[in-house]
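Undergrad: Let me begin by handing over the structure; questions about it come next.
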Amino acid sequence: MELRFIWPGKTKAPGARALQEFYLGRLRPFASCAILETREARGLDERAAAKILDLEARGMEERLDGNYVICLADGGKEMSSVEFARFLARRAEDPARPPAFVVGGFLGLAGRILERADMRLSLSRMTFSHELARVVLLEQIYRSLTILKGTHYAK
């Protein structure tokens, strides 16, 4: 299975970065993983939200083609870990369109990116920082792949 992760900028928080690398290391025996870090808006504040979202969307758009695009979004589909594992198993049956998980920056995702999504996924009804959402996503994918392979993973 091939998995792609698209998000703006590098994960800066040291703890989140360490957990991101930890789960990527755990995932790699199960799947090929590529993180595509796109241009991140810098030096702009929330008053320039449209400009920030546009800048970040431009970097993402060119990386979406050929993928099954899954955007993390408020109001997206919620799944249990077992349901998510089944979903990933179905996606593995179509290697021509590998799943690309798209996580927005601190303002989320531009509407035009959400419109291109094949699926909108919610990790929780709660709101997470974009860096924490990256880690939770990687952990849940790792959990799902261990479910599919029947390997032990602590609950």
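Chain labels follow the order of the structure tokens: the first chain is A, the next B, and so on; residue numbering restarts at 1 in every chain, and ligands are counted from 1 in their shown order.
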Can I get the residues of segment 94-114 of chain A within 12 Å of segment 26-33 of chain A, each with the closest pair of atoms and their distance in Å to one decimal, using only C-alpha atoms, sorted chain first then ascending number, as CSV?
TA:
```
residue,atom,partner,partner_atom,distance
A:Pro95,CA,A:Ser32,CA,11.7
A:Pro98,CA,A:Ser32,CA,10.3
A:Pro99,CA,A:Cys33,CA,10.4
A:Ala100,CA,A:Cys33,CA,10.0
A:Phe101,CA,A:Cys33,CA,10.9
```
Undergrad: Using only C-alpha atoms, which of A:Gly75, A:Gly150, A:Pro14, A:Pro8 sits nearest Leu114 of chain A?
TA: A:Gly75
Undergrad: Counting only C-alpha atoms, which of A:Tyr142, A:Leu36, A:Val135, A:Leu53 gets nearest to Ala18 of chain A?
TA: A:Val135
Undergrad: What does the distance between atom CA of Thr11 of chain A and atom CA of Glu40 of chain A come to in Å, to one decimal place?
TA: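 Between atom CA of Thr11 of chain A and atom CA of Glu40 of chain A the gap is 10.8 Å.
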Undergrad: Any idea what the distance is between atom CA of Arg116 of chain A and atom CA of Glu37 of chain A?
TA: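 According to the coordinates, atom CA of Arg116 of chain A and atom CA of Glu37 of chain A are separated by 18.5 Å.
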Undergrad: For the strand (DSSP E) assignment from backbone DSSP, which residues of segment 3-149 of chain A qualify? Please present them as a PyMOL selection string.
TA: chain A and resi 3-8+32-38+68-77+99-102+119-121
Undergrad: Run DSSP on the backbone and give me the residues of chain A it puts in helix (DSSP H, G or I), as a PyMOL selection string.
TA: chain A and resi 14-27+46-61+81-92+111-116+130-149
Undergrad: Give me the residues near Leu72 of chain A as a VMD selection string, where near means some atom within 8 Å (using only C-alpha atoms) and where sequence neighbours in that chain fewer than 2 positions away do not count.
TA: chain A and resid 70 74 76 101 to 104 120 to 123
Undergrad: Quick one: residues within 7 Å of Thr38 of chain A, only C-alpha atoms, excluding same-chain residues fewer than 3 positions away - as an MDAnalysis selection string?
TA: chainID A and resid 7:9 59:60
Undergrad: Would you output that residue set with C-alpha atoms, as an mmCIF file, in the first residue's frame?
TA:
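Okay, this is what ended up in again.cif:
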```
data_model
loop_
_atom_site.group_PDB
_atom_site.id
_atom_site.type_symbol
_atom_site.label_atom_id
_atom_site.label_comp_id
_atom_site.auth_asym_id
_atom_site.auth_seq_id
_atom_site.Cartn_x
_atom_site.Cartn_y
_atom_site.Cartn_z
ATOM 1 C CA TRP A 7 0.292 19.432 4.405
ATOM 2 C CA PRO A 8 1.765 22.936 4.492
ATOM 3 C CA GLY A 9 5.176 23.297 6.084
ATOM 4 C CA GLY A 59 1.055 24.270 -3.213
ATOM 5 C CA MET A 60 -1.340 21.399 -2.584
#
```
Undergrad: Using only C-alpha atoms, can you tell me which of A:Thr151, A:Ser124, A:Asn67, A:Gln140 comes closest to Arg91 of chain A?
TA: A:Asn67
Undergrad: Any idea what the distance is between atom CA of Phe5 of chain A and atom CA of Ile35 of chain A?
TA: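 According to the coordinates, atom CA of Phe5 of chain A and atom CA of Ile35 of chain A are separated by 4.7 Å.
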Undergrad: Near Leu145 of chain A, counting only C-alpha atoms, which residues have an atom at most 12 Å away, once you skip same-chain residues fewer than 6 positions from it, shown as JSON, numbers by chain?
TA: {"A": [1, 3, 23, 26, 27, 28, 29, 30, 31, 81, 82, 83, 84, 85, 86, 87, 88, 89, 92, 138, 139, 151, 152, 153]}
